[in-house]
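Peer 1: What follows is a structure written as structure tokens; I'll ask about it next.
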Amino acid sequence: MKDYGHYIETPIPEDAYVVGAGQTLDLTFVVLPGESKDITVRVFLVGEGAQARLRGLYLCPDQEQVRFHLEMHHRAPGCTSDQLFKGIVGGTARAWFDGRIVVAPEAQQTEAYQSNHNILLTEGAKVETKPQLEIYADDVKCSHGATIGRLDEEEQFYMRSRGIPESEARVLQMISFISEVVAGIPDEKEREEVAARAEAAIRGMA
Amino acid sequence: MDRQEENKIIQDFTSKEYKEGFVTDVEQEYVPKGLNEEIIRMISARKQEPQWLLDFRLDAFRRWQRMPMPEWGHLDMPDIDFQDIIYYAAPKKVADRPKEIDPELAKTFEKLGIPLHEREALAGVVAVDAVFDSVSVATTFRKTLAEKGIIFCSFSEAVREHGDLVRKYLASVVPVGDNYFAALNSAVFSDGSFCYIPKGVRCPMELSSYFRINASGTGQFERTLIVADEGSYVSYMEGCTAPMRDENQLHAAVVEIVVEKDADVKYSTVQNWYPGDAQGRGGILNLVTKRGICKGSGSHLSWTQVETGSAITWKYPSTILKGDYSSSEFYSVAVTNNYQQADTGTKMIHLGRGTKSRIVSKGISAGHSQNSYRGLVQINPGATGARNHSQCDSLLIGSLCGAHTFPDIRNANPTAVVEHEATTSKISEDQLFYCNQRGIGPEDAVGLIVNGYAQEVLSMLPMEFAVEARKLLQVSLEGSVG
């Protein structure tokens, strides 16, 4: 038996994304207002130097229930993964973010990053985030960050003192909040389309 | 440095012996092995407890019997045979206490460096309540404290002399049926410390309890209850050691802290239970429930812990922030080596307006160990303007250990701000090289780097503990350069 302590190598499920040596996986998830979604993504980096980039944004102004369940399994050396998910939640909507990075003992020289940032707009909205790291190799650089906050009042004050109405200021703040996700989309046409639809949705929310 | 060399140094470092591993030959008084209502009645009778406390124990025991063993921890927990444990062991000569301490016992405590005698007043202004197996053997500085109206005594004594206070606060923070091990503790707890700081009193010295498991085959189930009344302040320290034994010994403690309006409590722990040998045999199973409540507005509770011992640590010092504008911090360094496992962290439950909490956790794993941070930050709808920041870092030394982070962040208030960040990395080779180049050996370099890494937490410890903690870090990691 290999001496891996707690590490148990689970079988790769059929619906998983399996990324081989030198390959890159690039996925974008966009959840627009009115949609309740339960999204499960499992990625297995099994070849040396495999890469995965996952990004997502969710806009839930009403009573949507959006749940992300992400697993990033590093099973080969020298792989990198980067995940960025941002959400704006209002009304009585709920969002759950459940993200797990698992680095197997053989996956040395791993770089794995995960961020999940959320804005709460209303009293009735709720966000629960669980970014998890399970690391069994030592030569790794892994980090995750998660925040749940509000639109910054100082920024609003700054804009309003310059004649921008409050609702427009909020729209600008929300657009800038999600722009980091949009900017990461590699295909220009897709990027522009997502940006346009997200902006329209945000204007509808403010 | 190549990997082979690293591994060799790791091995030397991790093979360091446990220096507190001596056994004291003291005549012990036991209740028979096993756990049933008879045993609980026996413990209660031996301690001459009032009826209400016996009822409390029996109620807890009945609840415990219906509860399943928790399995959610990231731990390989050995099966615990609860019938194979002695639940009460006391040094004999109970009648003589507290006038005179058995010289053997006094020697034990001296070996551990605890100032039991009042002559030590000059050396360190620390009042100590030492718990040896199941009973509290001596409480120092009683008079000085009594002048201020501070009650600091063993739990049994508190039950006898301040029954109303104990009854009022017991299980008010950790309910009897809170979890499996809290219920077990409530049923069989043997002794512990009780501390009450009256209104507006600033405790003039650090209060400290020292726990040691000595007798073989016994478990230790102590109970600590700290009540800080309005506007008071106390700094409380807790230390633990145990002798080396091949078997796993059980330690299931409960700590409850009540912080009233504007009061301030600082609770520090240096946990150095026997961690088991290099092959993972023996060691203490440290399954502890610690929780405080910031009851009144403006109250403050700070937890600082340095966890280097135990085969398994399962411990989540938590704070319920009920009072408006109350605040709490959790500072933790957890070191695991060899086959140790730690699943530790905190819970911050924000109920009141403007409540603030901060979490700084530093995990260090070496050898074959597994080290997990598990935390919950919950902002309830009423916690307007609440604020939390959590930072959890893990350091890996050697390629066979694991470091894990399991935070859970829940926010239901749009005015609250919650932030969490975590990083995992290994000891930087550049830093090691820098030290080596300047003539600092690999071992000392690791000690230096780890101490620097944990500095933010260590600096929160009271001075007496900080020195010990620093040494402990070095010793626990001996042989683990990566």
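Here's how to read the names in the structure tokens: chain A, B, ... by the order shown, residue numbers from 1 in each chain, ligand numbers from 1 in the order shown.
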Quick one: everything within 12 Å of B:Ser459, counting only C-alpha atoms, minus sequence neighbours fewer than 6 positions away in the same chain. Send it as a ChimeraX atom specification.

Peer 2: /B:268,304-306,331-333,451-453,465-467,469-470

Peer 1: For the residues selected in the previous step, produce a file with C-alpha atoms as an mmCIF file, in the first residue's frame.

Peer 2:
data_model
loop_
_atom_site.group_PDB
_atom_site.id
_atom_site.type_symbol
_atom_site.label_atom_id
_atom_site.label_comp_id
_atom_site.auth_asym_id
_atom_site.auth_seq_id
_atom_site.Cartn_x
_atom_site.Cartn_y
_atom_site.Cartn_z
ATOM 1 C CA SER B 268 -4.549 30.820 25.749
ATOM 2 C CA THR B 304 -4.965 31.756 21.225
ATOM 3 C CA GLN B 305 -3.834 28.193 20.807
ATOM 4 C CA VAL B 306 -0.609 26.405 20.098
ATOM 5 C CA TYR B 331 -5.241 32.805 16.703
ATOM 6 C CA SER B 332 -3.962 29.308 16.140
ATOM 7 C CA VAL B 333 -0.771 27.462 15.358
ATOM 8 C CA ASN B 451 8.864 30.586 14.170
ATOM 9 C CA GLY B 452 8.754 33.515 11.812
ATOM 10 C CA TYR B 453 5.801 32.003 10.029
ATOM 11 C CA PHE B 465 3.688 30.845 27.365
ATOM 12 C CA ALA B 466 5.316 32.436 24.365
ATOM 13 C CA VAL B 467 8.752 31.204 25.440
ATOM 14 C CA ALA B 469 5.546 27.677 22.738
ATOM 15 C CA ARG B 470 8.551 28.747 20.729
#

Peer 1: Which residues of chain A are close to chain B, meaning at most 9 Å apart when you count only C-alpha atoms, and how do they look as JSON, numbers by chain?

Peer 2: {"A": [3, 4, 5, 6, 7, 90, 100, 105, 108, 115, 117, 119, 120, 121, 122, 123, 124, 125, 126, 127, 128, 129, 130, 131, 132, 133, 134, 135, 136, 137, 138, 139, 140, 141, 142, 143, 144, 145, 146, 147, 148, 149, 150, 151]}

Peer 1: How about saving the chosen residues, N, CA and C atoms kept, as a short mmCIF file (atom, residue, chain, number, x, y, z; two decimals), in the first residue's frame?

Peer 2:
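As written to disk, again33.cif reads:
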data_model
loop_
_atom_site.label_atom_id
_atom_site.label_comp_id
_atom_site.auth_asym_id
_atom_site.auth_seq_id
_atom_site.Cartn_x
_atom_site.Cartn_y
_atom_site.Cartn_z
N ASP A 3 1.92 4.89 0.96
CA ASP A 3 1.76 5.59 2.21
C ASP A 3 1.27 7.02 1.96
N TYR A 4 0.01 7.16 1.66
CA TYR A 4 -0.52 8.48 1.33
C TYR A 4 -1.41 9.06 2.42
N GLY A 5 -1.29 8.49 3.62
CA GLY A 5 -2.13 9.01 4.70
C GLY A 5 -3.59 8.88 4.33
N HIS A 6 -4.28 9.99 4.32
CA HIS A 6 -5.71 9.97 4.08
C HIS A 6 -6.08 9.92 2.61
N TYR A 7 -5.11 10.11 1.72
CA TYR A 7 -5.48 10.29 0.33
C TYR A 7 -6.08 9.03 -0.25
N GLY A 90 -29.57 39.19 -4.79
CA GLY A 90 -30.53 40.11 -4.16
C GLY A 90 -31.87 39.42 -3.95
N ARG A 100 -13.81 22.55 -4.44
CA ARG A 100 -12.80 21.74 -3.79
C ARG A 100 -11.61 21.56 -4.72
N PRO A 105 -0.75 13.11 -4.07
CA PRO A 105 0.67 13.11 -3.68
C PRO A 105 1.63 13.21 -4.87
N GLN A 108 3.20 16.97 -7.88
CA GLN A 108 4.13 18.01 -7.42
C GLN A 108 4.14 19.17 -8.42
N SER A 115 -10.99 31.62 -6.51
CA SER A 115 -11.62 32.74 -5.81
C SER A 115 -13.11 32.73 -6.04
N HIS A 117 -16.19 35.48 -5.11
CA HIS A 117 -16.58 36.75 -4.50
C HIS A 117 -18.05 37.00 -4.71
N ILE A 119 -21.60 39.61 -3.81
CA ILE A 119 -22.20 40.84 -3.31
C ILE A 119 -23.63 40.54 -2.89
N LEU A 120 -23.97 40.93 -1.67
CA LEU A 120 -25.35 40.80 -1.22
C LEU A 120 -26.04 42.14 -1.38
N LEU A 121 -27.22 42.14 -2.04
CA LEU A 121 -27.91 43.41 -2.27
C LEU A 121 -29.01 43.68 -1.26
N THR A 122 -29.63 42.62 -0.74
CA THR A 122 -30.83 42.82 0.09
C THR A 122 -30.79 42.00 1.36
N GLU A 123 -31.73 42.34 2.26
CA GLU A 123 -31.85 41.65 3.55
C GLU A 123 -32.17 40.17 3.40
N GLY A 124 -33.00 39.85 2.40
CA GLY A 124 -33.46 38.47 2.28
C GLY A 124 -32.50 37.54 1.56
N ALA A 125 -31.47 38.08 0.96
CA ALA A 125 -30.55 37.25 0.16
C ALA A 125 -29.56 36.52 1.06
N LYS A 126 -29.11 35.39 0.59
CA LYS A 126 -28.18 34.59 1.38
C LYS A 126 -27.12 33.95 0.49
N VAL A 127 -25.90 33.94 0.96
CA VAL A 127 -24.83 33.27 0.22
C VAL A 127 -24.07 32.38 1.18
N GLU A 128 -23.75 31.19 0.71
CA GLU A 128 -22.93 30.29 1.51
C GLU A 128 -21.79 29.81 0.62
N THR A 129 -20.57 29.99 1.06
CA THR A 129 -19.45 29.57 0.24
C THR A 129 -18.50 28.67 1.01
N LYS A 130 -18.07 27.62 0.35
CA LYS A 130 -17.18 26.65 0.99
C LYS A 130 -16.01 26.35 0.06
N PRO A 131 -15.01 27.19 0.02
CA PRO A 131 -13.85 26.87 -0.81
C PRO A 131 -12.94 25.93 -0.02
N GLN A 132 -12.63 24.78 -0.56
CA GLN A 132 -11.85 23.82 0.22
C GLN A 132 -10.57 23.41 -0.50
N LEU A 133 -9.54 23.22 0.31
CA LEU A 133 -8.26 22.75 -0.23
C LEU A 133 -7.91 21.44 0.44
N GLU A 134 -7.58 20.43 -0.36
CA GLU A 134 -7.09 19.17 0.21
C GLU A 134 -5.78 18.87 -0.49
N ILE A 135 -4.69 18.98 0.25
CA ILE A 135 -3.39 18.93 -0.41
C ILE A 135 -2.51 17.85 0.18
N TYR A 136 -2.06 16.94 -0.68
CA TYR A 136 -1.25 15.82 -0.23
C TYR A 136 0.15 15.83 -0.84
N ALA A 137 0.49 16.87 -1.57
CA ALA A 137 1.85 17.00 -2.12
C ALA A 137 2.47 18.24 -1.49
N ASP A 138 3.79 18.33 -1.44
CA ASP A 138 4.35 19.47 -0.73
C ASP A 138 4.84 20.60 -1.63
N ASP A 139 5.27 20.26 -2.86
CA ASP A 139 5.84 21.32 -3.70
C ASP A 139 4.71 21.98 -4.49
N VAL A 140 3.89 22.73 -3.79
CA VAL A 140 2.70 23.28 -4.43
C VAL A 140 2.54 24.76 -4.08
N LYS A 141 1.82 25.44 -4.94
CA LYS A 141 1.39 26.79 -4.60
C LYS A 141 -0.12 26.79 -4.74
N CYS A 142 -0.82 26.84 -3.63
CA CYS A 142 -2.27 26.79 -3.70
C CYS A 142 -2.83 27.91 -2.85
N SER A 143 -3.86 28.54 -3.34
CA SER A 143 -4.52 29.51 -2.50
C SER A 143 -5.97 29.62 -2.90
N HIS A 144 -6.77 30.02 -1.96
CA HIS A 144 -8.14 30.34 -2.31
C HIS A 144 -8.56 31.57 -1.51
N GLY A 145 -9.55 32.23 -2.04
CA GLY A 145 -10.07 33.40 -1.34
C GLY A 145 -11.56 33.43 -1.55
N ALA A 146 -12.29 33.90 -0.53
CA ALA A 146 -13.72 34.02 -0.68
C ALA A 146 -14.17 35.26 0.08
N THR A 147 -15.08 36.00 -0.50
CA THR A 147 -15.63 37.15 0.21
C THR A 147 -17.14 37.20 -0.02
N ILE A 148 -17.82 37.74 0.97
CA ILE A 148 -19.24 38.07 0.80
C ILE A 148 -19.37 39.48 1.35
N GLY A 149 -19.76 40.40 0.50
CA GLY A 149 -19.80 41.78 0.97
C GLY A 149 -20.90 42.57 0.31
N ARG A 150 -20.73 43.88 0.29
CA ARG A 150 -21.77 44.76 -0.26
C ARG A 150 -21.10 45.72 -1.25
N LEU A 151 -21.93 46.51 -1.90
CA LEU A 151 -21.39 47.54 -2.78
C LEU A 151 -20.79 48.63 -1.89
#

Peer 1: Might you pull out every residue within 12 Å of B:Ser190, with only C-alpha atoms counted and same-chain residues fewer than 3 positions away left off, and present them as a PyMOL selection string?

Peer 2: chain B and resi 30-31+39-40+42-49+53+57+86-90+131-136+154-157+159+184-187+193+218-224+251-254

Peer 1: Just the number, please: distance in Å from atom CA of A:Leu32 to atom CA of A:Gln173, one decimal.

Peer 2: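 Taking atom CA of A:Leu32 and atom CA of A:Gln173, their separation equals 17.5 Å.
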
Peer 1: With DSSP run on the backbone, what are the strand (DSSP E) residues within stretch 80-186 of chain A? I'd like them as a PDB file with N, CA and C atoms, in the first residue's frame.

Peer 2:
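And here's selection_31.pdb as it stands now:
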ATOM      1  N   THR A  80      -1.612  23.373 -13.745  1.00  0.00           N
ATOM      2  CA  THR A  80      -2.107  24.595 -13.120  1.00  0.00           C
ATOM      3  C   THR A  80      -3.618  24.676 -13.283  1.00  0.00           C
ATOM      4  N   SER A  81      -4.264  25.249 -12.281  1.00  0.00           N
ATOM      5  CA  SER A  81      -5.699  25.500 -12.406  1.00  0.00           C
ATOM      6  C   SER A  81      -6.016  26.844 -11.784  1.00  0.00           C
ATOM      7  N   ASP A  82      -6.981  27.503 -12.400  1.00  0.00           N
ATOM      8  CA  ASP A  82      -7.344  28.837 -11.945  1.00  0.00           C
ATOM      9  C   ASP A  82      -8.859  28.951 -12.025  1.00  0.00           C
ATOM     10  N   GLN A  83      -9.487  29.306 -10.916  1.00  0.00           N
ATOM     11  CA  GLN A  83     -10.940  29.406 -10.912  1.00  0.00           C
ATOM     12  C   GLN A  83     -11.354  30.758 -10.353  1.00  0.00           C
ATOM     13  N   LEU A  84     -12.268  31.405 -11.061  1.00  0.00           N
ATOM     14  CA  LEU A  84     -12.757  32.700 -10.599  1.00  0.00           C
ATOM     15  C   LEU A  84     -14.271  32.747 -10.772  1.00  0.00           C
ATOM     16  N   PHE A  85     -14.986  32.874  -9.669  1.00  0.00           N
ATOM     17  CA  PHE A  85     -16.449  32.903  -9.712  1.00  0.00           C
ATOM     18  C   PHE A  85     -16.959  34.104  -8.937  1.00  0.00           C
ATOM     19  N   LYS A  86     -17.868  34.858  -9.592  1.00  0.00           N
ATOM     20  CA  LYS A  86     -18.401  36.043  -8.927  1.00  0.00           C
ATOM     21  C   LYS A  86     -19.911  36.075  -9.037  1.00  0.00           C
ATOM     22  N   GLY A  87     -20.560  36.493  -7.972  1.00  0.00           N
ATOM     23  CA  GLY A  87     -22.011  36.523  -7.988  1.00  0.00           C
ATOM     24  C   GLY A  87     -22.589  37.738  -7.303  1.00  0.00           C
ATOM     25  N   ILE A  88     -23.744  38.180  -7.826  1.00  0.00           N
ATOM     26  CA  ILE A  88     -24.484  39.269  -7.191  1.00  0.00           C
ATOM     27  C   ILE A  88     -25.855  38.706  -6.833  1.00  0.00           C
ATOM     28  N   VAL A  89     -26.211  38.791  -5.541  1.00  0.00           N
ATOM     29  CA  VAL A  89     -27.400  38.108  -5.068  1.00  0.00           C
ATOM     30  C   VAL A  89     -28.305  39.099  -4.346  1.00  0.00           C
ATOM     31  N   ARG A  94     -30.807  32.726  -3.261  1.00  0.00           N
ATOM     32  CA  ARG A  94     -29.771  32.010  -2.519  1.00  0.00           C
ATOM     33  C   ARG A  94     -28.691  31.557  -3.490  1.00  0.00           C
ATOM     34  N   ALA A  95     -27.457  31.620  -3.026  1.00  0.00           N
ATOM     35  CA  ALA A  95     -26.382  31.063  -3.839  1.00  0.00           C
ATOM     36  C   ALA A  95     -25.467  30.238  -2.953  1.00  0.00           C
ATOM     37  N   TRP A  96     -25.091  29.099  -3.468  1.00  0.00           N
ATOM     38  CA  TRP A  96     -24.144  28.236  -2.765  1.00  0.00           C
ATOM     39  C   TRP A  96     -22.943  28.038  -3.671  1.00  0.00           C
ATOM     40  N   PHE A  97     -21.787  28.092  -3.084  1.00  0.00           N
ATOM     41  CA  PHE A  97     -20.579  27.804  -3.855  1.00  0.00           C
ATOM     42  C   PHE A  97     -19.785  26.781  -3.067  1.00  0.00           C
ATOM     43  N   ASP A  98     -19.582  25.651  -3.678  1.00  0.00           N
ATOM     44  CA  ASP A  98     -18.925  24.561  -2.991  1.00  0.00           C
ATOM     45  C   ASP A  98     -17.768  24.142  -3.896  1.00  0.00           C
ATOM     46  N   GLY A  99     -16.564  24.567  -3.577  1.00  0.00           N
ATOM     47  CA  GLY A  99     -15.452  24.311  -4.485  1.00  0.00           C
ATOM     48  C   GLY A  99     -14.357  23.547  -3.781  1.00  0.00           C
ATOM     49  N   ARG A 100     -13.807  22.554  -4.438  1.00  0.00           N
ATOM     50  CA  ARG A 100     -12.800  21.740  -3.787  1.00  0.00           C
ATOM     51  C   ARG A 100     -11.611  21.562  -4.724  1.00  0.00           C
ATOM     52  N   ILE A 101     -10.426  21.777  -4.188  1.00  0.00           N
ATOM     53  CA  ILE A 101      -9.219  21.482  -4.950  1.00  0.00           C
ATOM     54  C   ILE A 101      -8.545  20.315  -4.243  1.00  0.00           C
ATOM     55  N   VAL A 102      -8.279  19.245  -4.953  1.00  0.00           N
ATOM     56  CA  VAL A 102      -7.610  18.099  -4.352  1.00  0.00           C
ATOM     57  C   VAL A 102      -6.301  17.859  -5.100  1.00  0.00           C
ATOM     58  N   VAL A 103      -5.199  17.940  -4.390  1.00  0.00           N
ATOM     59  CA  VAL A 103      -3.891  17.739  -5.011  1.00  0.00           C
ATOM     60  C   VAL A 103      -3.333  16.401  -4.535  1.00  0.00           C
ATOM     61  N   THR A 110       2.388  21.746  -8.427  1.00  0.00           N
ATOM     62  CA  THR A 110       1.027  22.178  -8.767  1.00  0.00           C
ATOM     63  C   THR A 110       0.859  23.653  -8.443  1.00  0.00           C
ATOM     64  N   GLU A 111       0.114  24.324  -9.314  1.00  0.00           N
ATOM     65  CA  GLU A 111      -0.338  25.663  -8.958  1.00  0.00           C
ATOM     66  C   GLU A 111      -1.848  25.660  -9.078  1.00  0.00           C
ATOM     67  N   ALA A 112      -2.529  25.962  -7.998  1.00  0.00           N
ATOM     68  CA  ALA A 112      -3.995  25.927  -8.034  1.00  0.00           C
ATOM     69  C   ALA A 112      -4.556  27.126  -7.296  1.00  0.00           C
ATOM     70  N   TYR A 113      -5.425  27.844  -7.978  1.00  0.00           N
ATOM     71  CA  TYR A 113      -6.012  29.033  -7.366  1.00  0.00           C
ATOM     72  C   TYR A 113      -7.519  29.007  -7.510  1.00  0.00           C
ATOM     73  N   GLN A 114      -8.186  29.541  -6.518  1.00  0.00           N
ATOM     74  CA  GLN A 114      -9.635  29.597  -6.587  1.00  0.00           C
ATOM     75  C   GLN A 114     -10.138  30.839  -5.861  1.00  0.00           C
ATOM     76  N   SER A 115     -10.991  31.616  -6.509  1.00  0.00           N
ATOM     77  CA  SER A 115     -11.615  32.738  -5.810  1.00  0.00           C
ATOM     78  C   SER A 115     -13.107  32.729  -6.040  1.00  0.00           C
ATOM     79  N   ASN A 116     -13.820  33.104  -4.997  1.00  0.00           N
ATOM     80  CA  ASN A 116     -15.265  33.250  -5.089  1.00  0.00           C
ATOM     81  C   ASN A 116     -15.650  34.529  -4.351  1.00  0.00           C
ATOM     82  N   HIS A 117     -16.188  35.481  -5.112  1.00  0.00           N
ATOM     83  CA  HIS A 117     -16.577  36.751  -4.501  1.00  0.00           C
ATOM     84  C   HIS A 117     -18.054  37.002  -4.710  1.00  0.00           C
ATOM     85  N   ASN A 118     -18.711  37.498  -3.666  1.00  0.00           N
ATOM     86  CA  ASN A 118     -20.156  37.694  -3.736  1.00  0.00           C
ATOM     87  C   ASN A 118     -20.551  39.065  -3.209  1.00  0.00           C
ATOM     88  N   ILE A 119     -21.605  39.606  -3.808  1.00  0.00           N
ATOM     89  CA  ILE A 119     -22.197  40.845  -3.307  1.00  0.00           C
ATOM     90  C   ILE A 119     -23.630  40.536  -2.894  1.00  0.00           C
ATOM     91  N   LEU A 120     -23.972  40.933  -1.674  1.00  0.00           N
ATOM     92  CA  LEU A 120     -25.353  40.795  -1.220  1.00  0.00           C
ATOM     93  C   LEU A 120     -26.038  42.143  -1.379  1.00  0.00           C
ATOM     94  N   LYS A 126     -29.111  35.390   0.588  1.00  0.00           N
ATOM     95  CA  LYS A 126     -28.177  34.593   1.381  1.00  0.00           C
ATOM     96  C   LYS A 126     -27.121  33.951   0.489  1.00  0.00           C
ATOM     97  N   VAL A 127     -25.898  33.945   0.957  1.00  0.00           N
ATOM     98  CA  VAL A 127     -24.834  33.272   0.224  1.00  0.00           C
ATOM     99  C   VAL A 127     -24.067  32.377   1.182  1.00  0.00           C
ATOM    100  N   GLU A 128     -23.750  31.188   0.715  1.00  0.00           N
ATOM    101  CA  GLU A 128     -22.933  30.292   1.509  1.00  0.00           C
ATOM    102  C   GLU A 128     -21.795  29.806   0.622  1.00  0.00           C
ATOM    103  N   THR A 129     -20.573  29.993   1.065  1.00  0.00           N
ATOM    104  CA  THR A 129     -19.448  29.573   0.236  1.00  0.00           C
ATOM    105  C   THR A 129     -18.504  28.675   1.011  1.00  0.00           C
ATOM    106  N   LYS A 130     -18.073  27.617   0.355  1.00  0.00           N
ATOM    107  CA  LYS A 130     -17.176  26.652   0.988  1.00  0.00           C
ATOM    108  C   LYS A 130     -16.013  26.346   0.061  1.00  0.00           C
ATOM    109  N   PRO A 131     -15.012  27.185   0.018  1.00  0.00           N
ATOM    110  CA  PRO A 131     -13.852  26.869  -0.810  1.00  0.00           C
ATOM    111  C   PRO A 131     -12.937  25.932  -0.022  1.00  0.00           C
ATOM    112  N   GLN A 132     -12.627  24.780  -0.561  1.00  0.00           N
ATOM    113  CA  GLN A 132     -11.851  23.820   0.217  1.00  0.00           C
ATOM    114  C   GLN A 132     -10.573  23.409  -0.499  1.00  0.00           C
ATOM    115  N   LEU A 133      -9.537  23.216   0.313  1.00  0.00           N
ATOM    116  CA  LEU A 133      -8.258  22.750  -0.227  1.00  0.00           C
ATOM    117  C   LEU A 133      -7.907  21.436   0.441  1.00  0.00           C
ATOM    118  N   GLU A 134      -7.581  20.427  -0.363  1.00  0.00           N
ATOM    119  CA  GLU A 134      -7.089  19.173   0.206  1.00  0.00           C
ATOM    120  C   GLU A 134      -5.780  18.872  -0.486  1.00  0.00           C
ATOM    121  N   ILE A 135      -4.687  18.982   0.249  1.00  0.00           N
ATOM    122  CA  ILE A 135      -3.394  18.928  -0.407  1.00  0.00           C
ATOM    123  C   ILE A 135      -2.506  17.846   0.184  1.00  0.00           C
ATOM    124  N   VAL A 140       3.887  22.725  -3.793  1.00  0.00           N
ATOM    125  CA  VAL A 140       2.695  23.283  -4.426  1.00  0.00           C
ATOM    126  C   VAL A 140       2.543  24.763  -4.079  1.00  0.00           C
ATOM    127  N   LYS A 141       1.817  25.444  -4.937  1.00  0.00           N
ATOM    128  CA  LYS A 141       1.385  26.790  -4.595  1.00  0.00           C
ATOM    129  C   LYS A 141      -0.120  26.794  -4.741  1.00  0.00           C
ATOM    130  N   CYS A 142      -0.815  26.835  -3.631  1.00  0.00           N
ATOM    131  CA  CYS A 142      -2.268  26.794  -3.704  1.00  0.00           C
ATOM    132  C   CYS A 142      -2.825  27.910  -2.855  1.00  0.00           C
ATOM    133  N   SER A 143      -3.856  28.538  -3.342  1.00  0.00           N
ATOM    134  CA  SER A 143      -4.521  29.513  -2.498  1.00  0.00           C
ATOM    135  C   SER A 143      -5.970  29.617  -2.903  1.00  0.00           C
ATOM    136  N   HIS A 144      -6.774  30.022  -1.955  1.00  0.00           N
ATOM    137  CA  HIS A 144      -8.144  30.344  -2.311  1.00  0.00           C
ATOM    138  C   HIS A 144      -8.564  31.565  -1.506  1.00  0.00           C
ATOM    139  N   GLY A 145      -9.552  32.232  -2.039  1.00  0.00           N
ATOM    140  CA  GLY A 145     -10.071  33.395  -1.341  1.00  0.00           C
ATOM    141  C   GLY A 145     -11.564  33.429  -1.550  1.00  0.00           C
ATOM    142  N   ALA A 146     -12.285  33.898  -0.532  1.00  0.00           N
ATOM    143  CA  ALA A 146     -13.724  34.023  -0.683  1.00  0.00           C
ATOM    144  C   ALA A 146     -14.171  35.258   0.076  1.00  0.00           C
ATOM    145  N   THR A 147     -15.080  36.001  -0.495  1.00  0.00           N
ATOM    146  CA  THR A 147     -15.632  37.148   0.213  1.00  0.00           C
ATOM    147  C   THR A 147     -17.138  37.205  -0.018  1.00  0.00           C
ATOM    148  N   ILE A 148     -17.821  37.742   0.970  1.00  0.00           N
ATOM    149  CA  ILE A 148     -19.237  38.066   0.801  1.00  0.00           C
ATOM    150  C   ILE A 148     -19.375  39.481   1.345  1.00  0.00           C
ATOM    151  N   GLY A 149     -19.763  40.404   0.499  1.00  0.00           N
ATOM    152  CA  GLY A 149     -19.805  41.784   0.971  1.00  0.00           C
ATOM    153  C   GLY A 149     -20.903  42.572   0.307  1.00  0.00           C
TER     154      GLY A 149
END

Peer 1: Might you pull out every residue within 12 Å of B:Thr319, with only C-alpha atoms counted and same-chain residues fewer than 6 positions away left off, and present them as a ChimeraX atom specification?

Peer 2: /B:173-174,255-259,265,267,289-295,299-303,326-330,345-351,355-359,375-378

Peer 1: With only C-alpha atoms as the counted atoms, please give the residues lying no more than 10 Å from B:Thr308, apart from itself and same-chain residues fewer than 6 positions off, as JSON, numbers by chain.

Peer 2: {"B": [270, 271, 272, 273, 274, 275, 333, 334, 335, 336, 337, 340, 342, 364, 469, 472, 473, 475, 476, 477]}

Peer 1: State, in Å with one decimal place, the distance from atom CA of A:Ala169 to atom CA of A:Val194.

Peer 2: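 Result for atom CA of A:Ala169 versus atom CA of A:Val194: 20.9 Å, one decimal.
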
Peer 1: Within 12 Å of A:Pro186, counting only C-alpha atoms, which residues show up once you throw out same-chain ones fewer than 3 positions away? Write them as a list in words, please.

Peer 2: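 Surrounding residues, per the criterion: Leu25, Asp26, Leu27, Thr28, Arg53, Leu54, Arg55, Val181, Val182, Ala183, Lys189, Glu190, Arg191, Glu192 and Val194 of chain A.
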
Peer 1: I want to know what sits within 8 Å of A:Met174, based on only C-alpha atoms, with residues of the same chain fewer than 3 positions away left out; could you give that as an mmCIF file with N, CA and C atoms, in the first residue's frame?

Peer 2:
data_model
loop_
_atom_site.group_PDB
_atom_site.id
_atom_site.type_symbol
_atom_site.label_atom_id
_atom_site.label_comp_id
_atom_site.auth_asym_id
_atom_site.auth_seq_id
_atom_site.Cartn_x
_atom_site.Cartn_y
_atom_site.Cartn_z
ATOM 1 N N ILE A 88 -23.744 38.180 -7.826
ATOM 2 C CA ILE A 88 -24.484 39.269 -7.191
ATOM 3 C C ILE A 88 -25.855 38.706 -6.833
ATOM 4 N N LEU A 151 -21.931 46.512 -1.905
ATOM 5 C CA LEU A 151 -21.386 47.541 -2.785
ATOM 6 C C LEU A 151 -20.787 48.630 -1.894
ATOM 7 N N ARG A 170 -24.656 52.389 -8.888
ATOM 8 C CA ARG A 170 -24.725 50.968 -8.514
ATOM 9 C C ARG A 170 -24.494 50.077 -9.730
ATOM 10 N N VAL A 171 -25.087 50.470 -10.876
ATOM 11 C CA VAL A 171 -24.895 49.699 -12.107
ATOM 12 C C VAL A 171 -23.403 49.644 -12.451
ATOM 13 N N PHE A 177 -17.565 45.031 -10.950
ATOM 14 C CA PHE A 177 -17.363 43.839 -10.108
ATOM 15 C C PHE A 177 -17.237 42.573 -10.954
ATOM 16 N N ILE A 178 -18.101 42.445 -11.980
ATOM 17 C CA ILE A 178 -18.063 41.209 -12.779
ATOM 18 C C ILE A 178 -17.091 41.292 -13.966
ATOM 19 N N ILE A 202 -27.823 43.494 -15.510
ATOM 20 C CA ILE A 202 -27.518 44.330 -14.348
ATOM 21 C C ILE A 202 -28.382 45.590 -14.350
#
